[in-house]
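Below is entry_29.tsv, which holds TSV, C-alpha atoms.
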chain	number	residue	atom	x	y	z
A	1	MET	CA	46.91	119.05	188.70
A	2	LYS	CA	45.59	117.28	185.65
A	3	GLU	CA	47.80	116.37	182.72
A	4	CYS	CA	49.06	119.35	180.73
A	5	TRP	CA	47.99	120.10	177.17
A	6	SER	CA	50.25	119.84	174.17
A	7	GLU	CA	51.26	122.79	172.03
A	8	GLY	CA	49.17	121.46	169.15
A	9	ASP	CA	46.06	121.10	171.30
A	10	LEU	CA	46.49	124.60	172.66
A	11	ARG	CA	46.86	125.93	169.11
A	12	ALA	CA	43.62	124.15	168.17
A	13	TYR	CA	42.04	125.57	171.33
A	14	LEU	CA	43.00	129.06	170.17
A	15	ASP	CA	41.16	128.46	166.91
A	16	ARG	CA	38.25	126.85	168.79
A	17	GLU	CA	38.90	123.70	166.80
A	18	LEU	CA	38.75	121.27	169.72
A	19	ALA	CA	35.62	119.26	170.41
A	20	PRO	CA	33.18	121.14	172.70
A	21	GLU	CA	33.93	118.89	175.63
A	22	ALA	CA	37.70	119.29	175.14
A	23	MET	CA	37.26	123.06	174.87
A	24	GLU	CA	35.67	123.08	178.32
A	25	ARG	CA	38.36	120.91	179.84
A	26	ALA	CA	41.12	123.05	178.33
A	27	THR	CA	39.51	126.23	179.63
A	28	ALA	CA	39.34	124.75	183.12
A	29	HIS	CA	42.92	123.54	182.93
A	30	LEU	CA	44.32	126.86	181.70
A	31	ALA	CA	42.69	128.57	184.65
A	32	GLU	CA	44.67	126.51	187.11
A	33	CYS	CA	47.95	125.64	185.28
A	34	SER	CA	50.48	128.45	184.93
A	35	THR	CA	52.78	126.39	182.67
A	36	CYS	CA	50.02	125.77	180.14
A	37	SER	CA	48.66	129.29	180.33
A	38	GLU	CA	52.14	130.73	179.68
A	39	LEU	CA	52.57	128.41	176.73
A	40	TYR	CA	49.14	129.41	175.52
A	41	GLU	CA	50.05	133.11	175.74
A	42	THR	CA	53.19	132.49	173.69
A	43	ILE	CA	51.27	130.53	171.10
A	44	SER	CA	48.52	133.14	170.77
A	45	ALA	CA	50.96	136.04	170.49
A	46	ARG	CA	52.92	134.24	167.80
A	47	ALA	CA	49.76	133.23	165.95
A	48	ALA	CA	48.58	136.85	165.95
A	49	MET	CA	51.94	138.06	164.69
A	50	VAL	CA	52.16	135.50	161.89
A	51	SER	CA	48.54	136.18	160.99
A	52	GLY	CA	49.40	139.89	160.71
A	53	TRP	CA	52.30	139.09	158.40
A	54	MET	CA	50.20	136.82	156.27
A	55	ASP	CA	47.53	139.51	156.02
A	56	GLU	CA	50.13	141.69	154.33
A	57	LEU	CA	49.76	139.35	151.39
A	58	THR	CA	46.41	140.79	150.45
A	59	PRO	CA	44.18	138.10	149.08
A	60	LEU	CA	42.92	138.84	145.63
A	61	PRO	CA	39.29	138.38	144.59
A	62	ALA	CA	38.32	134.93	143.40
A	63	PRO	CA	38.10	134.46	139.66
A	64	ALA	CA	34.60	134.71	138.25
A	65	ILE	CA	35.16	132.18	135.54
A	66	ALA	CA	37.43	129.20	135.63
A	67	PRO	CA	39.41	129.10	132.43
A	68	ARG	CA	39.10	126.21	130.04
A	69	ARG	CA	42.81	125.99	129.65
A	70	ALA	CA	43.11	123.09	132.04
A	71	TRP	CA	41.71	120.82	129.38
A	72	ALA	CA	44.64	121.55	127.10
A	73	GLY	CA	46.34	118.56	128.65
A	74	TRP	CA	44.19	116.16	126.68
A	75	LYS	CA	45.79	117.39	123.50
A	76	TRP	CA	49.21	116.32	124.63
A	77	VAL	CA	47.94	112.90	125.54
A	78	ALA	CA	46.19	112.66	122.22
A	79	SER	CA	49.29	113.72	120.31
A	80	ALA	CA	51.49	111.19	122.02
A	81	LEU	CA	49.06	108.31	121.69
A	82	ALA	CA	48.08	109.21	118.17
A	83	ALA	CA	51.70	109.28	117.07
A	84	ALA	CA	52.23	105.85	118.62
A	85	ALA	CA	49.09	104.49	116.96
A	86	ALA	CA	50.14	105.90	113.60
A	87	VAL	CA	53.53	104.20	113.82
A	88	ILE	CA	51.88	100.90	114.70
A	89	LEU	CA	49.44	101.27	111.83
A	90	ALA	CA	52.17	102.12	109.37
A	91	ILE	CA	54.18	99.08	110.41
A	92	VAL	CA	51.16	96.80	110.21
A	93	LEU	CA	49.78	98.03	106.93
A	94	MET	CA	52.73	98.85	104.71
A	95	PRO	CA	54.11	95.32	104.05
A	96	HIS	CA	50.67	94.12	103.00
A	97	ARG	CA	50.27	96.92	100.56
A	98	ALA	CA	53.61	96.18	99.03
A	99	GLN	CA	52.53	92.59	98.31
A	100	ARG	CA	49.31	93.82	96.72
A	101	GLN	CA	47.26	91.52	98.86
A	102	PRO	CA	43.84	92.33	100.15
A	103	VAL	CA	44.25	93.76	103.58
A	104	ARG	CA	41.74	93.32	106.28
A	105	PRO	CA	41.52	96.13	108.74
A	106	ARG	CA	43.40	95.14	111.84
A	107	ILE	CA	40.31	95.18	113.93
A	108	ALA	CA	38.21	92.71	115.75
A	109	PRO	CA	35.47	91.16	113.58
A	110	ALA	CA	32.71	92.91	115.44
A	111	THR	CA	34.33	96.27	114.95
A	112	ALA	CA	34.36	95.95	111.18
A	113	VAL	CA	30.59	96.10	110.93
A	114	LEU	CA	29.55	99.34	109.41
A	115	GLU	CA	25.85	98.81	109.96
A	116	PRO	CA	24.29	101.08	112.55
A	117	LEU	CA	24.46	99.46	115.93
A	118	PRO	CA	21.19	98.42	117.55
A	119	VAL	CA	22.06	100.30	120.69
A	120	GLU	CA	23.15	103.91	120.56
A	121	PRO	CA	26.75	103.89	121.76
A	122	THR	CA	27.89	106.28	124.40
A	123	VAL	CA	31.36	107.20	123.23
A	124	GLN	CA	31.48	110.87	122.52
A	125	VAL	CA	33.88	112.21	119.96
A	126	ALA	CA	34.26	115.85	120.53
A	127	ALA	CA	37.26	118.07	120.59
A	128	VAL	CA	35.45	121.02	122.05
A	129	ARG	CA	32.29	119.95	123.71
A	130	PRO	CA	30.41	116.68	124.19
A	131	ARG	CA	27.73	116.03	121.68
A	132	PRO	CA	25.42	113.04	121.30
A	133	VAL	CA	26.64	110.52	118.76
A	134	ARG	CA	24.39	110.32	115.74
A	135	ARG	CA	24.13	107.52	113.28
A	136	PRO	CA	25.38	108.58	109.90
A	137	ALA	CA	22.99	108.57	107.00
A	138	SER	CA	24.86	106.94	104.17
A	139	HIS	CA	23.26	109.18	101.60
A	140	ARG	CA	24.32	112.30	103.40
A	141	PRO	CA	27.04	114.21	101.54
A	142	ALA	CA	30.44	114.70	103.09
A	143	GLU	CA	30.36	116.90	106.07
A	144	ARG	CA	32.98	117.84	108.59
A	145	THR	CA	30.94	117.43	111.67
A	146	GLU	CA	32.56	115.76	114.60
A	147	THR	CA	30.07	112.94	114.59
A	148	PHE	CA	31.37	109.44	114.76
A	149	VAL	CA	29.64	106.18	115.46
A	150	ALA	CA	31.30	104.21	118.18
A	151	LEU	CA	31.91	100.52	117.57
A	152	ASP	CA	31.69	99.57	121.21
A	153	ASN	CA	30.73	101.03	124.52
A	154	GLU	CA	34.18	101.13	126.00
A	155	PRO	CA	35.34	104.67	126.73
A	156	PHE	CA	38.66	105.85	125.35
A	157	GLU	CA	40.46	109.11	125.55
A	158	ALA	CA	42.52	109.64	122.47
A	159	GLY	CA	42.91	108.18	119.05
A	160	TRP	CA	44.03	108.57	115.53
A	161	VAL	CA	41.68	109.11	112.63
A	162	VAL	CA	42.61	107.39	109.40
A	163	ARG	CA	40.73	107.93	106.18
A	164	MET	CA	40.17	104.68	104.35
A	165	ALA	CA	38.48	103.35	101.27
A	166	LEU	CA	36.61	100.28	102.44
A	167	GLY	CA	35.11	97.33	100.58
A	168	PRO	CA	34.59	96.69	96.90
A	169	ASP	CA	32.60	99.91	96.67
A	170	GLN	CA	35.52	101.81	98.12
A	171	ILE	CA	33.41	103.56	100.67
A	172	GLN	CA	35.29	106.49	102.11
A	173	ALA	CA	35.31	106.47	105.85
A	174	ASP	CA	37.25	107.95	108.71
A	175	VAL	CA	38.09	105.27	111.20
A	176	VAL	CA	39.24	106.10	114.71
A	177	PHE	CA	41.90	103.84	116.13
A	178	SER	CA	42.74	103.96	119.77
A	179	ALA	CA	46.29	103.65	121.03
A	180	ASP	CA	46.10	99.86	121.17
A	181	GLY	CA	45.42	99.69	117.43
A	182	ARG	CA	41.77	98.74	117.66
A	183	ALA	CA	39.20	100.46	115.48
A	184	ARG	CA	36.86	102.23	117.86
A	185	ALA	CA	34.61	104.47	115.82
A	186	TYR	CA	33.92	105.49	112.27
A	187	ARG	CA	32.14	107.99	110.14
A	188	LEU	CA	31.33	107.75	106.50
A	189	VAL	CA	32.72	110.42	104.25
A	190	GLY	CA	31.23	111.54	101.01
A	191	ASN	CA	28.44	110.04	98.97
A	192	SER	CA	30.20	107.02	97.57
A	193	SER	CA	28.15	104.32	99.23
A	194	ASN	CA	25.38	104.09	96.64
B	1	MET	CA	28.66	95.10	104.39
B	2	THR	CA	30.44	92.81	106.75
B	3	GLY	CA	33.76	91.12	106.14
B	4	ASP	CA	36.33	91.28	103.33
B	5	PHE	CA	37.00	94.95	103.37
B	6	VAL	CA	40.02	95.95	101.40
B	7	ILE	CA	41.92	98.99	102.43
B	8	LYS	CA	42.67	100.78	99.19
B	9	SER	CA	44.28	103.81	100.61
B	10	VAL	CA	45.36	105.04	103.96
B	11	GLN	CA	46.08	108.58	104.81
B	12	PRO	CA	46.14	110.31	108.13
B	13	ALA	CA	43.09	112.49	108.29
B	14	GLU	CA	43.33	114.36	111.52
B	15	GLU	CA	44.18	114.12	115.11
B	16	ILE	CA	41.29	114.04	117.48
B	17	VAL	CA	40.76	114.52	121.13
B	18	LEU	CA	38.15	112.50	122.87
B	19	ILE	CA	36.53	113.31	126.11
B	20	PRO	CA	36.23	110.10	128.08
B	21	ALA	CA	32.70	108.85	128.15
B	22	GLY	CA	33.06	107.34	131.58
B	23	PRO	CA	30.77	109.61	133.57
B	24	ASP	CA	32.46	109.00	136.88
B	25	ARG	CA	35.91	110.19	136.00
B	26	ARG	CA	34.71	113.19	134.05
B	27	ALA	CA	32.28	114.21	136.74
B	28	GLY	CA	34.93	113.63	139.37
B	29	PHE	CA	37.40	115.89	137.62
B	30	ASP	CA	34.78	118.56	137.02
B	31	ALA	CA	33.80	118.61	140.67
B	32	LEU	CA	37.41	118.69	141.75
B	33	PHE	CA	38.17	121.50	139.33
B	34	ARG	CA	35.16	123.58	140.32
B	35	GLU	CA	35.90	123.33	144.01
B	36	HIS	CA	39.65	123.49	144.10
B	37	TYR	CA	40.79	125.51	141.12
B	38	PRO	CA	39.68	128.82	142.69
B	39	ARG	CA	41.21	127.80	146.00
B	40	VAL	CA	44.53	126.88	144.46
B	41	VAL	CA	44.54	130.17	142.55
B	42	ALA	CA	43.74	132.12	145.72
B	43	MET	CA	46.55	130.40	147.60
B	44	LEU	CA	49.03	130.98	144.79
B	45	ALA	CA	47.95	134.59	144.33
B	46	ARG	CA	48.60	135.21	147.99
B	47	LEU	CA	51.94	133.50	147.70
B	48	THR	CA	53.19	135.13	144.52
B	49	GLY	CA	51.21	138.36	144.57
B	50	ASN	CA	50.49	137.89	140.89
B	51	ARG	CA	47.03	136.72	139.83
B	52	ALA	CA	48.00	135.92	136.24
B	53	GLN	CA	50.97	133.88	137.37
B	54	ALA	CA	48.81	132.11	139.95
B	55	GLU	CA	46.27	131.13	137.31
B	56	GLU	CA	48.99	129.94	135.00
B	57	ILE	CA	50.48	127.69	137.66
B	58	ALA	CA	47.07	126.39	138.73
B	59	SER	CA	46.16	125.61	135.13
B	60	ASP	CA	49.35	123.64	134.69
B	61	VAL	CA	48.66	121.69	137.87
B	62	PHE	CA	45.12	120.79	136.83
B	63	CYS	CA	46.43	119.87	133.41
B	64	LYS	CA	48.66	117.34	135.08
B	65	VAL	CA	45.73	116.16	137.14
B	66	SER	CA	43.68	115.50	134.03
B	67	GLN	CA	46.49	113.44	132.54
B	68	ARG	CA	47.25	111.63	135.72
B	69	GLY	CA	43.83	110.19	136.33
B	70	PRO	CA	42.30	110.09	139.78
B	71	ALA	CA	44.11	112.76	141.71
B	72	ASP	CA	44.44	113.18	145.40
B	73	LEU	CA	44.12	116.57	146.97
B	74	PRO	CA	47.41	116.48	148.86
B	75	TRP	CA	49.18	115.90	145.55
B	76	ILE	CA	47.46	118.87	143.92
B	77	TYR	CA	48.27	121.27	146.72
B	78	ARG	CA	51.79	119.98	147.14
B	79	VAL	CA	52.58	120.40	143.45
B	80	ALA	CA	50.87	123.80	143.33
B	81	THR	CA	52.73	125.05	146.39
B	82	ASN	CA	56.07	123.84	145.12
B	83	ALA	CA	55.47	125.54	141.78
B	84	GLY	CA	54.37	128.69	143.61
B	85	LEU	CA	57.50	128.70	145.75
B	86	ASP	CA	59.65	128.25	142.65
B	87	ALA	CA	57.87	131.17	141.02
B	88	LEU	CA	58.37	133.20	144.19
B	89	ARG	CA	62.11	132.64	144.10
B	90	SER	CA	62.46	133.45	140.43
B	91	ASN	CA	60.30	136.57	140.91
B	92	ALA	CA	62.60	137.70	143.69
B	93	ARG	CA	65.64	137.04	141.55
B	94	ARG	CA	64.18	139.02	138.68
B	95	ARG	CA	63.24	141.87	141.00
B	96	ARG	CA	66.77	142.06	142.34
B	97	GLN	CA	68.13	142.20	138.82
B	98	GLU	CA	65.68	144.91	137.87
B	99	GLU	CA	66.52	146.96	140.93
B	100	ALA	CA	70.22	146.54	140.23
B	101	ALA	CA	69.58	147.76	136.70
B	102	GLY	CA	67.76	150.82	138.01
B	103	VAL	CA	64.32	149.79	136.86
B	104	GLU	CA	62.86	150.62	140.25
B	105	THR	CA	60.25	153.29	139.71
B	106	VAL	CA	59.12	154.30	143.19
B	107	ARG	CA	61.98	156.48	144.32
B	108	SER	CA	60.26	159.59	145.48
B	109	ALA	CA	60.46	159.51	149.26
B	110	GLU	CA	58.89	162.97	149.32
B	111	ASN	CA	55.63	161.50	148.24
B	112	ARG	CA	54.05	160.10	151.38
B	113	ASN	CA	51.84	157.60	149.59
B	114	ALA	CA	54.72	156.35	147.55
B	115	LEU	CA	56.78	155.91	150.70
B	116	GLU	CA	54.04	153.99	152.45
B	117	GLU	CA	53.55	151.85	149.44
B	118	MET	CA	57.25	151.16	149.26
B	119	LEU	CA	57.34	150.13	152.92
B	120	ARG	CA	54.35	147.87	152.51
B	121	ARG	CA	55.87	146.28	149.49
B	122	GLU	CA	59.08	145.69	151.35
B	123	LYS	CA	57.12	144.02	154.12
B	124	ARG	CA	55.28	141.83	151.67
B	125	ASP	CA	58.54	140.88	150.03
B	126	ARG	CA	59.95	139.91	153.40
B	127	VAL	CA	56.97	137.71	154.19
B	128	ARG	CA	57.26	136.04	150.80
B	129	THR	CA	60.97	135.53	151.21
B	130	VAL	CA	60.48	133.80	154.54
B	131	LEU	CA	57.62	131.71	153.18
B	132	GLY	CA	59.92	130.61	150.40
B	133	GLU	CA	62.43	129.39	152.94
B	134	LEU	CA	59.93	127.26	154.81
B	135	LYS	CA	59.28	123.65	154.09
B	136	PRO	CA	56.51	123.44	151.47
B	137	ARG	CA	54.07	121.84	153.89
B	138	ASP	CA	54.63	124.59	156.46
B	139	ALA	CA	54.17	127.26	153.81
B	140	GLN	CA	51.01	125.52	152.60
B	141	MET	CA	49.66	125.34	156.12
B	142	LEU	CA	50.18	129.06	156.76
B	143	LEU	CA	48.79	130.07	153.38
B	144	LEU	CA	45.66	127.96	153.60
B	145	ARG	CA	45.02	128.90	157.22
B	146	ALA	CA	45.36	132.55	156.21
B	147	GLU	CA	42.66	131.83	153.63
B	148	GLY	CA	40.43	130.85	156.54
B	149	TRP	CA	40.39	127.09	156.05
B	150	ALA	CA	39.01	124.99	158.89
B	151	TYR	CA	41.19	122.29	160.46
B	152	ARG	CA	39.10	119.53	158.89
B	153	GLU	CA	39.70	120.95	155.41
B	154	LEU	CA	43.38	121.47	156.11
B	155	ALA	CA	43.75	117.86	157.25
B	156	GLU	CA	41.99	116.50	154.19
B	157	THR	CA	43.89	118.69	151.76
B	158	LEU	CA	47.32	118.22	153.26
B	159	GLY	CA	46.78	114.51	153.85
B	160	ILE	CA	47.37	114.64	157.58
B	161	HIS	CA	45.44	113.48	160.61
B	162	PRO	CA	42.94	116.08	161.83
B	163	GLY	CA	44.43	115.84	165.31
B	164	SER	CA	47.84	116.88	163.93
B	165	VAL	CA	46.73	120.17	162.39
B	166	GLY	CA	47.22	122.20	165.56
B	167	THR	CA	50.70	120.77	166.10
B	168	ILE	CA	51.85	121.33	162.51
B	169	LEU	CA	50.34	124.82	162.42
B	170	ALA	CA	51.99	125.81	165.71
B	171	ARG	CA	55.35	124.53	164.49
B	172	ALA	CA	54.98	126.27	161.13
B	173	GLU	CA	54.27	129.56	162.89
B	174	ALA	CA	57.24	129.09	165.21
B	175	GLU	CA	59.47	128.31	162.26
B	176	PHE	CA	58.17	131.33	160.36
B	177	GLU	CA	58.92	133.63	163.29
B	178	ARG	CA	62.36	132.11	163.83
B	179	LYS	CA	63.36	132.54	160.19
B	180	PHE	CA	61.87	136.03	160.00
B	181	ARG	CA	63.84	137.20	163.04
B	182	ALA	CA	66.99	135.47	161.87
B	183	ARG	CA	66.82	137.31	158.56
B	184	TYR	CA	65.39	140.68	159.52
B	185	GLY	CA	66.12	140.93	163.24
B	186	ASP	CA	63.44	142.11	165.64
B	187	ASP	CA	62.15	144.64	163.16
B	188	VAL	CA	58.74	143.07	162.84
Reformat the file's structure so that it appears as structure tokens.
Amino acid sequence: MKECWSEGDLRAYLDRELAPEAMERATAHLAECSTCSELYETISARAAMVSGWMDELTPLPAPAIAPRRAWAGWKWVASALAAAAAVILAIVLMPHRAQRQPVRPRIAPATAVLEPLPVEPTVQVAAVRPRPVRRPASHRPAERTETFVALDNEPFEAGWVVRMALGPDQIQADVVFSADGRARAYRLVGNSSN
Amino acid sequence: MTGDFVIKSVQPAEEIVLIPAGPDRRAGFDALFREHYPRVVAMLARLTGNRAQAEEIASDVFCKVSQRGPADLPWIYRVATNAGLDALRSNARRRRQEEAAGVETVRSAENRNALEEMLRREKRDRVRTVLGELKPRDAQMLLLRAEGWAYRELAETLGIHPGSVGTILARAEAEFERKFRARYGDDV
């Protein structure tokens, strides 16, 4: 008599989940081995019984629409990171203000450029849905669109928006800082750039 | 406009939420969500018998996935099953309290339909009770198999070798039967 089959293999045999060649060998073996065929009977009876019990838990129809709620998690991340960024900003900026010294934004030189970038950046700033980033027209009046211009192409997930008056002309702008304190995107606010 | 900017005033404007621009991660999560959210809900609905509760648990799990970064399937299903089993136990506790307080509504044994429904519900409760006593992986295995999952899918989702599915399934069924009989006798 050939080697007997394990309980797991016989369970897979019951579900026809063995490879075709193994299915044939198992069938042949069960025909000649009483030990394995008894075990197989036990396994199939138990599987049928458990299956009957499980069928009592009537499956419900699949949902037609997956809810959007799963995205709510981003808000928590944003809140936590934004709070951290705000604390860092406050610590960095407040002493300078007290001394009435000109304060440079704590950003890398390249990120302070407010000219439109030659290449359209890919960072999308959107709380609800992605939207292509548009370059702001400086003459455009203040608007509360969610359109920012990214200062680099590095993706980031959450940030803190700080409204600032920049330069001698005191241009109003919202600047997005990521959690590491770097300025990552901006939008001009109002019509004060003329 | 470069250089020498002076910050004249600083005030927090608003909090924003950014969707990561990295196409891979976003697309990966979307695909994962589309394929597995309905499956997790179906599994949990079968387990708890409550669609709304199942969706709530599944949403929480996928929330965690989105925060956690690249997620592995075994983690998702393990967390979902554990949460489902917790819900199952607290549901049972609440039901017992309600019954003790006389909230039970189906009392009319004269009504044949009501009696049948009561018996069916008792049977369902028994199955859920025993599932709740199993190890989470065994409960997962039985639930997903009852959903008609193939061995290959089960192996991938539970993080086990495909050759082990038969063994784990057979043991889970044996354990289910043993616990059922231990609790409710031979009245199956």
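If all atoms listed in the file are the atoms counted, then among B:Arg78, B:Arg152, B:His161, B:Arg39 the closest residue to Gln140 (chain B) is B:Arg78.
For the atom pair formed by CA of Arg89 (chain B) and CA of Arg46 (chain A), the distance is 25.5 Å, given to one decimal.
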The residues within 12 Å of (62.8, 130.1, 152.7), using all atoms listed in the file and the coordinates of the file, should be reported as a short mmCIF file (atom, residue, chain, number, x, y, z; two decimals) with C-alpha atoms, in the coordinates of the input; which are they?
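Output (selection30.cif):
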data_model
loop_
_atom_site.label_atom_id
_atom_site.label_comp_id
_atom_site.auth_asym_id
_atom_site.auth_seq_id
_atom_site.Cartn_x
_atom_site.Cartn_y
_atom_site.Cartn_z
CA ASN B 82 56.07 123.84 145.12
CA LEU B 85 57.50 128.70 145.75
CA ASP B 86 59.65 128.25 142.65
CA LEU B 88 58.37 133.20 144.19
CA ARG B 89 62.11 132.64 144.10
CA ALA B 92 62.60 137.70 143.69
CA ASP B 125 58.54 140.88 150.03
CA ARG B 126 59.95 139.91 153.40
CA VAL B 127 56.97 137.71 154.19
CA ARG B 128 57.26 136.04 150.80
CA THR B 129 60.97 135.53 151.21
CA VAL B 130 60.48 133.80 154.54
CA LEU B 131 57.62 131.71 153.18
CA GLY B 132 59.92 130.61 150.40
CA GLU B 133 62.43 129.39 152.94
CA LEU B 134 59.93 127.26 154.81
CA LYS B 135 59.28 123.65 154.09
CA PRO B 136 56.51 123.44 151.47
CA ASP B 138 54.63 124.59 156.46
CA ALA B 139 54.17 127.26 153.81
CA GLU B 175 59.47 128.31 162.26
CA PHE B 176 58.17 131.33 160.36
CA GLU B 177 58.92 133.63 163.29
CA ARG B 178 62.36 132.11 163.83
CA LYS B 179 63.36 132.54 160.19
CA PHE B 180 61.87 136.03 160.00
CA ALA B 182 66.99 135.47 161.87
CA ARG B 183 66.82 137.31 158.56
#
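If only C-alpha atoms are the atoms counted, then among A:Glu56, A:Asp15, A:Glu7, A:Glu32 the closest residue to Arg46 (chain B) is A:Glu56.
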Identify the residues around (44.5, 118.1, 172.6) within a radius of 12 Å, measuring from all atoms listed in the file in the coordinates stated by the file, and give them as a PyMOL selection string. (chain A and resi 3-14+16-27+29) or (chain B and resi 162-167)
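Taking CA of Val175 (chain A) and CA of Ser66 (chain B) as endpoints, the distance between them is 25.6 Å.
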Using all atoms listed in the file, which of B:Phe29, B:Tyr184, B:Tyr37, B:Trp75 sits nearest chain A? B:Tyr37
Find the residues near Met54 (chain A): any atom within 10 Å, counting only C-alpha atoms, skip ones fewer than 2 places away on the same chain, and give them as a ChimeraX atom specification. /A:48-52,56-59 /B:46-47,124,127-128,131,142-143,145-147
Around all the atoms of region 130-142 of chain B listed in the file, with 8 Å of room on each side, what axis-aligned box do you get, giving centre and edge lengths in Å to one decimal, as AutoDock Vina command-line options?
--center_x 56.0 --center_y 127.8 --center_z 153.6 --size_x 28.8 --size_y 28.0 --size_z 22.4
To one decimal place in Å, what is the distance between CA of Arg171 (chain B) and CA of Arg120 (chain B)? 26.3 Å
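Across A:Ala28, A:Gly159, A:Phe148, A:Asn153, the tightest approach to Val189 (chain A) is made by A:Phe148 when counting all atoms listed in the file.
With all atoms listed in the file as the atoms that count, the minimum distance from chain A to the choices B:Leu32, B:Arg181, B:Gln53, B:Arg121 is reached by B:Arg121.
Of the listed residues (B:Leu158, B:Ala80, B:Cys63, B:Ala101), B:Cys63 comes nearest to chain A; the distances count all atoms listed in the file.
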